[in-house]
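For reference, target.csv is printed below; it contains CSV, C-alpha atoms.
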chain,number,residue,atom,x,y,z
A,1,MET,CA,11.3,-9.9,11.8
A,2,THR,CA,13.7,-12.3,10.1
A,3,ALA,CA,13.6,-12.9,6.4
A,4,THR,CA,12.2,-16.4,5.8
A,5,HIS,CA,12.4,-16.6,2.0
A,6,PRO,CA,14.3,-15.0,-0.8
A,7,TRP,CA,11.7,-12.3,-1.7
A,8,LEU,CA,11.7,-10.9,1.9
A,9,GLN,CA,14.4,-8.6,3.0
A,10,GLU,CA,15.2,-8.6,6.7
A,11,ALA,CA,13.0,-6.0,8.4
A,12,SER,CA,14.2,-4.2,11.6
A,13,CYS,CA,10.6,-3.6,12.7
A,14,GLY,CA,9.0,-5.6,15.4
A,15,PRO,CA,6.4,-5.4,18.2
A,16,ALA,CA,8.5,-2.8,20.0
A,17,CYS,CA,7.8,-0.4,17.1
A,18,ILE,CA,4.1,-0.3,17.8
A,19,ALA,CA,2.9,2.1,20.4
A,20,ALA,CA,-0.8,1.9,20.7
A,21,GLY,CA,-0.8,3.6,24.2
A,22,ASP,CA,-2.7,2.7,27.3
A,23,ILE,CA,-6.4,3.6,27.6
A,24,PRO,CA,-7.1,5.7,30.7
A,25,SER,CA,-9.5,3.8,33.0
A,26,GLY,CA,-12.0,6.6,33.0
A,27,ARG,CA,-12.3,6.5,29.2
A,28,ARG,CA,-12.5,2.8,28.6
A,29,ALA,CA,-16.3,2.8,28.2
A,30,VAL,CA,-16.1,5.7,25.7
A,31,VAL,CA,-13.2,4.0,23.7
A,32,LEU,CA,-15.0,0.6,23.7
A,33,ALA,CA,-18.3,2.2,22.5
A,34,ARG,CA,-16.4,4.1,19.7
A,35,ALA,CA,-14.5,1.0,18.7
A,36,THR,CA,-17.7,-1.0,18.6
A,37,VAL,CA,-19.5,1.5,16.4
A,38,ARG,CA,-16.5,1.6,14.0
A,39,ALA,CA,-16.1,-2.1,13.8
A,40,VAL,CA,-19.8,-2.7,13.2
A,41,ALA,CA,-19.9,0.0,10.5
A,42,ALA,CA,-16.9,-1.6,8.7
A,43,VAL,CA,-18.4,-5.1,8.9
A,44,LEU,CA,-21.7,-3.8,7.4
A,45,LEU,CA,-19.7,-2.2,4.6
A,46,LEU,CA,-17.6,-5.2,3.9
A,47,PRO,CA,-20.2,-7.2,1.8
A,48,MET,CA,-20.2,-4.4,-0.7
A,49,LEU,CA,-16.5,-5.0,-1.6
A,50,PRO,CA,-17.2,-7.4,-4.5
A,51,LEU,CA,-19.1,-4.5,-6.2
A,52,LEU,CA,-15.7,-3.1,-7.0
A,53,ALA,CA,-15.1,-5.9,-9.5
A,54,VAL,CA,-18.2,-5.1,-11.5
A,55,PRO,CA,-17.1,-3.4,-14.8
A,56,LEU,CA,-19.6,-0.5,-14.5
A,57,PRO,CA,-19.0,3.0,-16.0
A,58,GLY,CA,-17.4,5.3,-13.4
A,59,ARG,CA,-16.0,2.3,-11.5
A,60,SER,CA,-12.9,4.2,-10.4
A,61,HIS,CA,-15.1,6.8,-8.7
A,62,LEU,CA,-17.0,4.0,-7.0
A,63,GLN,CA,-13.9,2.4,-5.8
A,64,ARG,CA,-12.4,5.6,-4.5
A,65,GLY,CA,-15.6,6.5,-2.7
A,66,TYR,CA,-15.9,3.0,-1.2
A,67,CYS,CA,-12.3,3.0,0.1
A,68,ARG,CA,-12.7,6.5,1.7
A,69,LEU,CA,-16.0,5.4,3.3
A,70,MET,CA,-14.3,2.2,4.7
A,71,MET,CA,-11.5,4.3,6.1
A,72,ARG,CA,-14.0,6.8,7.7
A,73,CYS,CA,-15.8,3.8,9.3
A,74,LEU,CA,-12.5,2.7,10.9
A,75,GLY,CA,-11.8,6.2,12.2
A,76,VAL,CA,-9.1,6.9,9.6
A,77,ARG,CA,-8.9,10.2,7.7
A,78,ILE,CA,-7.1,10.5,4.4
A,79,THR,CA,-5.5,13.7,3.0
A,80,VAL,CA,-4.0,14.0,-0.5
A,81,SER,CA,-1.3,16.4,-1.6
A,82,GLY,CA,1.4,16.8,-4.3
A,83,GLY,CA,1.0,16.6,-8.0
A,84,PRO,CA,-2.3,16.1,-9.9
A,85,ILE,CA,-3.7,12.6,-10.2
A,86,ARG,CA,-3.3,12.0,-13.9
A,87,ASN,CA,-6.0,10.0,-15.7
A,88,LEU,CA,-3.6,7.8,-17.5
A,89,ARG,CA,-4.2,4.2,-18.5
A,90,GLY,CA,-1.8,1.5,-17.7
A,91,VAL,CA,0.2,2.9,-14.8
A,92,LEU,CA,2.2,1.0,-12.2
A,93,VAL,CA,1.6,2.5,-8.7
A,94,VAL,CA,4.2,1.9,-6.0
A,95,SER,CA,4.5,2.9,-2.4
A,96,GLY,CA,6.1,1.9,0.9
A,97,HIS,CA,4.2,-0.9,2.7
A,98,VAL,CA,3.0,-0.5,6.3
A,99,SER,CA,-0.3,-2.3,6.6
A,100,TRP,CA,-3.3,-3.9,5.0
A,101,VAL,CA,-4.7,-0.4,5.4
A,102,ASP,CA,-2.4,0.8,2.6
A,103,ILE,CA,-4.8,-1.0,0.1
A,104,PHE,CA,-7.7,1.3,1.1
A,105,ALA,CA,-5.5,4.4,1.3
A,106,ILE,CA,-4.2,3.9,-2.2
A,107,GLY,CA,-7.6,2.7,-3.5
A,108,SER,CA,-9.0,6.0,-2.3
A,109,VAL,CA,-6.6,7.9,-4.6
A,110,MET,CA,-5.6,5.6,-7.5
A,111,PRO,CA,-7.6,2.4,-7.6
A,112,GLY,CA,-6.3,-0.6,-9.4
A,113,SER,CA,-5.6,-4.3,-9.0
A,114,PHE,CA,-3.0,-5.3,-6.5
A,115,VAL,CA,0.0,-7.6,-6.4
A,116,ALA,CA,-0.3,-9.5,-3.2
A,117,LYS,CA,1.2,-12.5,-1.4
A,118,ALA,CA,-0.2,-15.8,-2.7
A,119,GLU,CA,-1.1,-17.0,0.8
A,120,MET,CA,-3.8,-14.3,0.9
A,121,VAL,CA,-5.7,-16.0,-1.9
A,122,GLY,CA,-6.0,-19.1,0.3
A,123,TRP,CA,-7.5,-17.3,3.3
A,124,PRO,CA,-11.1,-18.1,4.1
A,125,GLY,CA,-13.5,-15.4,2.8
A,126,LEU,CA,-10.8,-12.9,1.9
A,127,GLY,CA,-9.4,-15.3,-0.6
A,128,ALA,CA,-12.6,-15.4,-2.6
A,129,VAL,CA,-12.7,-11.6,-2.6
A,130,ALA,CA,-9.1,-11.5,-3.8
A,131,LYS,CA,-9.9,-13.8,-6.7
A,132,LEU,CA,-13.0,-11.8,-7.6
A,133,LEU,CA,-10.9,-8.6,-7.6
A,134,LYS,CA,-8.3,-10.2,-9.8
A,135,VAL,CA,-5.4,-9.8,-7.3
A,136,ILE,CA,-2.1,-10.9,-8.9
A,137,PRO,CA,-0.7,-13.4,-6.5
A,138,ILE,CA,3.1,-13.6,-5.9
A,139,ASP,CA,4.6,-16.6,-4.2
A,140,ARG,CA,7.5,-14.9,-2.4
A,141,GLY,CA,9.0,-18.3,-1.5
A,142,ASN,CA,9.4,-19.3,-5.1
A,143,LEU,CA,11.5,-16.8,-7.1
A,144,ARG,CA,11.4,-19.1,-10.2
A,145,ARG,CA,7.8,-18.0,-10.7
A,146,LEU,CA,8.6,-14.3,-10.3
A,147,PRO,CA,9.0,-13.8,-14.1
A,148,ASP,CA,5.5,-15.1,-14.6
A,149,VAL,CA,4.2,-12.5,-12.1
A,150,VAL,CA,6.2,-9.7,-13.8
A,151,ALA,CA,4.7,-10.8,-17.2
A,152,ALA,CA,1.2,-10.8,-15.8
A,153,VAL,CA,1.7,-7.2,-14.5
A,154,ALA,CA,3.1,-6.1,-17.8
A,155,ASP,CA,0.1,-7.6,-19.6
A,156,ARG,CA,-2.3,-5.7,-17.5
A,157,LEU,CA,-0.4,-2.5,-18.0
A,158,ARG,CA,-0.4,-2.9,-21.7
A,159,ALA,CA,-4.2,-3.5,-21.5
A,160,GLY,CA,-4.5,-0.1,-19.9
A,161,GLN,CA,-5.1,-1.3,-16.3
A,162,THR,CA,-3.7,0.3,-13.2
A,163,VAL,CA,-1.6,-2.1,-11.1
A,164,VAL,CA,-0.5,-1.5,-7.5
A,165,ALA,CA,2.7,-3.1,-6.1
A,166,PHE,CA,4.7,-2.8,-2.9
A,167,PRO,CA,8.4,-3.2,-3.9
A,168,GLU,CA,9.7,-3.6,-0.4
A,169,GLY,CA,8.2,-7.1,-0.4
A,170,THR,CA,7.1,-6.9,3.3
A,171,THR,CA,5.5,-4.5,5.8
A,172,TRP,CA,7.4,-2.0,8.0
A,173,CYS,CA,6.3,0.0,11.0
A,174,GLY,CA,6.0,3.3,9.1
A,175,LEU,CA,9.1,4.8,10.8
A,176,GLY,CA,11.6,2.4,9.4
A,177,PHE,CA,11.6,1.2,5.8
A,178,GLY,CA,13.3,-1.2,3.4
A,179,ALA,CA,14.8,-0.9,-0.1
A,180,PHE,CA,12.7,-1.2,-3.2
A,181,ARG,CA,13.3,-4.5,-5.0
A,182,PRO,CA,13.8,-3.8,-8.7
A,183,ALA,CA,12.0,-7.0,-10.1
A,184,MET,CA,8.5,-5.6,-10.3
A,185,PHE,CA,9.7,-2.4,-12.1
A,186,GLN,CA,10.7,-4.6,-15.1
A,187,ALA,CA,7.0,-4.9,-15.8
A,188,ALA,CA,6.7,-1.2,-16.4
A,189,ILE,CA,9.8,-1.3,-18.7
A,190,ASP,CA,8.5,-4.2,-20.7
A,191,ALA,CA,5.1,-2.6,-21.1
A,192,GLY,CA,6.6,0.9,-21.8
A,193,ARG,CA,4.3,2.4,-19.1
A,194,PRO,CA,5.1,5.0,-16.5
A,195,VAL,CA,5.3,4.5,-12.7
A,196,GLN,CA,3.4,6.6,-10.2
A,197,PRO,CA,5.1,6.7,-6.8
A,198,LEU,CA,2.9,7.5,-3.8
A,199,ARG,CA,4.3,8.6,-0.4
A,200,LEU,CA,2.1,7.2,2.5
A,201,SER,CA,2.7,8.4,6.1
A,202,TYR,CA,0.6,7.6,9.1
A,203,HIS,CA,0.0,10.2,11.8
A,204,HIS,CA,-1.9,10.9,15.1
A,205,ARG,CA,-4.3,13.8,15.4
A,206,ASP,CA,-1.6,16.1,16.6
A,207,GLY,CA,0.5,15.4,13.5
A,208,SER,CA,3.1,13.2,15.1
A,209,ARG,CA,4.0,9.9,13.3
A,210,SER,CA,1.9,6.9,14.2
A,211,THR,CA,2.7,3.2,14.1
A,212,VAL,CA,-0.9,2.2,15.2
A,213,ALA,CA,-1.8,0.8,11.8
A,214,ALA,CA,1.4,-1.2,11.4
A,215,TYR,CA,1.0,-4.9,10.5
A,216,ILE,CA,4.3,-6.5,11.3
A,217,GLY,CA,5.9,-9.4,13.2
A,218,ASP,CA,3.4,-11.8,14.7
A,219,ASP,CA,0.5,-9.4,14.3
A,220,THR,CA,-2.9,-10.8,13.4
A,221,LEU,CA,-5.5,-9.0,11.3
A,222,LEU,CA,-7.8,-8.8,14.3
A,223,THR,CA,-5.0,-7.3,16.5
A,224,SER,CA,-4.2,-4.7,13.9
A,225,LEU,CA,-7.8,-3.9,13.4
A,226,ARG,CA,-8.4,-3.5,17.2
A,227,ARG,CA,-5.5,-1.0,17.5
A,228,ILE,CA,-7.0,1.1,14.6
A,229,VAL,CA,-10.6,1.3,15.8
A,230,THR,CA,-9.6,2.1,19.4
A,231,ALA,CA,-7.3,4.9,18.4
A,232,ARG,CA,-8.9,8.3,18.7
A,233,ARG,CA,-8.0,9.2,15.1
A,234,THR,CA,-5.4,8.1,12.5
A,235,VAL,CA,-4.6,10.3,9.6
A,236,ILE,CA,-2.9,9.0,6.4
A,237,HIS,CA,-1.1,11.6,4.3
A,238,VAL,CA,-0.9,10.5,0.7
A,239,ARG,CA,1.4,12.5,-1.4
A,240,VAL,CA,1.3,12.1,-5.2
A,241,GLN,CA,4.9,12.3,-6.4
A,242,SER,CA,6.2,13.0,-10.0
A,243,LEU,CA,5.3,10.4,-12.5
A,244,GLN,CA,8.4,8.4,-13.5
A,245,LEU,CA,9.1,7.3,-17.1
A,246,PRO,CA,10.2,3.7,-17.3
A,247,GLY,CA,13.6,4.1,-19.0
A,248,VAL,CA,15.5,0.9,-19.7
A,249,ASP,CA,17.2,0.0,-16.3
A,250,ARG,CA,14.9,-1.4,-13.7
A,251,ARG,CA,17.4,-0.7,-10.9
A,252,ASP,CA,17.5,3.0,-11.9
A,253,LEU,CA,13.7,3.1,-12.1
A,254,ALA,CA,13.4,1.4,-8.6
A,255,ALA,CA,15.9,3.9,-7.2
A,256,ARG,CA,14.1,6.9,-8.6
A,257,CYS,CA,10.8,5.7,-7.3
A,258,GLU,CA,12.2,4.9,-3.9
A,259,ALA,CA,13.8,8.3,-3.6
A,260,ALA,CA,10.4,9.9,-4.6
A,261,VAL,CA,8.6,7.9,-1.9
A,262,ARG,CA,11.2,8.5,0.8
A,263,GLY,CA,11.9,12.2,0.2
A,264,ASP,CA,14.9,14.4,-0.3
A,265,ALA,CA,17.1,12.8,2.3
A,266,ALA,CA,16.6,9.4,0.8
A,267,ARG,CA,17.1,10.7,-2.7
A,268,SER,CA,20.5,12.1,-1.8
A,269,GLU,CA,21.5,8.9,-0.1
A,270,LEU,CA,20.4,6.8,-3.1
A,271,VAL,CA,22.2,8.9,-5.6
A,272,ALA,CA,25.4,8.8,-3.5
A,273,ARG,CA,25.1,5.0,-3.0
A,274,THR,CA,24.1,3.9,-6.5
A,275,GLY,CA,24.5,6.8,-8.9
A,276,CYS,CA,20.8,6.2,-9.8
A,277,GLY,CA,17.7,8.3,-9.5
A,278,GLN,CA,18.9,11.4,-11.2
A,279,GLY,CA,16.5,11.7,-14.1
A,280,HIS,CA,13.5,10.5,-16.2
A,281,ALA,CA,10.8,12.1,-14.1
A,282,LEU,CA,7.7,13.5,-15.7
A,283,VAL,CA,7.3,16.6,-13.6
A,284,ALA,CA,3.8,17.3,-12.5
Give the structure from the file, written as structure tokens.
Amino acid sequence: MTATHPWLQEASCGPACIAAGDIPSGRRAVVLARATVRAVAAVLLLPMLPLLAVPLPGRSHLQRGYCRLMMRCLGVRITVSGGPIRNLRGVLVVSGHVSWVDIFAIGSVMPGSFVAKAEMVGWPGLGAVAKLLKVIPIDRGNLRRLPDVVAAVADRLRAGQTVVAFPEGTTWCGLGFGAFRPAMFQAAIDAGRPVQPLRLSYHHRDGSRSTVAAYIGDDTLLTSLRRIVTARRTVIHVRVQSLQLPGVDRRDLAARCEAAVRGDAARSELVARTGCGQGHALVA
């Protein structure tokens, strides 16, 4: 994929990264039946999505349960490990970005409003839901409006809301990944609120890494959905990393969060390359 505007970095991922696997001829009927049941179950559950915008007591429990149920309908299992999920108000949640599935994976653990590309708000059907759920749109082709987005995120953090952002700015296959852009971290600094890094990884049933859920290149939503529902099982591991205090330097904050999301190898590389990412963690 080639970067087409300033917000996007050049991604090395493409169609060759996705290995859905051939379906044996003797199992095609079974796979088709399984995929049909999953797709129908997900479609039946989809109309309930606007309920997540209703400000009812215990809404976060409702949202987590809904996201887990949606994933189960699609044949996706979610496991959670790492530090405790802190019941803090006004937290910026960040992770790597692989697919639209990330939204449900994160929503099943730490629900909040999302920063998403502005084009999505214009999509038929989904755009209306995005507006209802108060998605914060970002026009990645117009960096002059980026300060307004950062200010909007900071306002929500100050108001005690959880906001989810993907600092890579684009999706990757799940094996490769991009650098965290520092701009969105300025919102946490301005609001004086912590950042919660989450490490998401996609796996097959046998534990090997999976790219089935990737949403990259010229993928369409239907193509991506078809790969997921036909897969025998996809497992998403969500690891809750140490909460990061905002500090005063957005580049340092971005480097610390990227190292937390990528793991020890990436942490050593980041420290060697930038000198950042060596402190300010609130250990779980």
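Comparing A:Leu175, A:Val195, A:Ala259, A:Val229 by their smallest distance to Ser210 of chain A, the closest is A:Leu175 (using all atoms listed in the file).
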* To do: Please measure the separation of atom CA of Arg205 of chain A and atom CA of Thr230 of chain A, giving the value in Å to one decimal.
  =>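 Pair atom CA of Arg205 of chain A / atom CA of Thr230 of chain A returns 13.5 Å.
The coordinates place atom CA of Leu44 of chain A at 27.9 Å from atom CA of Ala165 of chain A.
If all atoms listed in the file are the atoms counted, then among A:Pro50, A:Pro84, A:Gly90, A:Pro167 the closest residue to Ala188 of chain A is A:Gly90.
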* To do: Give as number ranges by chain each residue that has an atom at most 10 Å from (-6.9, -2.6, 15.5) in the file, counting all atoms listed in the file.
  => A: 20, 35, 39, 74, 212-215, 220-231
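Here atom CA of Ala191 of chain A is placed at a distance of 7.2 Å from atom CA of Asp155 of chain A.
Nearest to Arg86 of chain A of all the residues A:Ala152, A:Val240, A:Ala179, A:Leu245 is A:Val240, based on all atoms listed in the file.
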* Asked: Ser208 of chain A: which residues within 12 Å, counting all atoms listed in the file, same-chain residues fewer than 6 positions away excluded, as a list in words?
  ->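 Result of the neighbour search: Gly174, Leu175, Ser201, Tyr202, Arg233, Thr234, Val235, Ile236 and His237 of chain A.
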* Structure fact -> Among A:Gly112, A:Lys117, A:Arg34, A:Tyr66, Leu46 of chain A is approached most closely, using all atoms listed in the file, by A:Tyr66
* To do: Determine, counting all atoms listed in the file, which protein, DNA and RNA residues have an atom within 10 Å of an atom of Pro194 of chain A; residues of the same chain fewer than 2 positions away are not included. Present the result as a count of residues only.
  => 22
Could you pull the residues within 8 Å of Gly65 of chain A, counting all atoms listed in the file, minus those fewer than 4 positions along the same chain, as a CSV table (one decimal) with C-alpha atoms, in the coordinates of the input?
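Written output follows (selection_22.csv):
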chain,number,residue,atom,x,y,z
A,61,HIS,CA,-15.1,6.8,-8.7
A,69,LEU,CA,-16.0,5.4,3.3
A,108,SER,CA,-9.0,6.0,-2.3
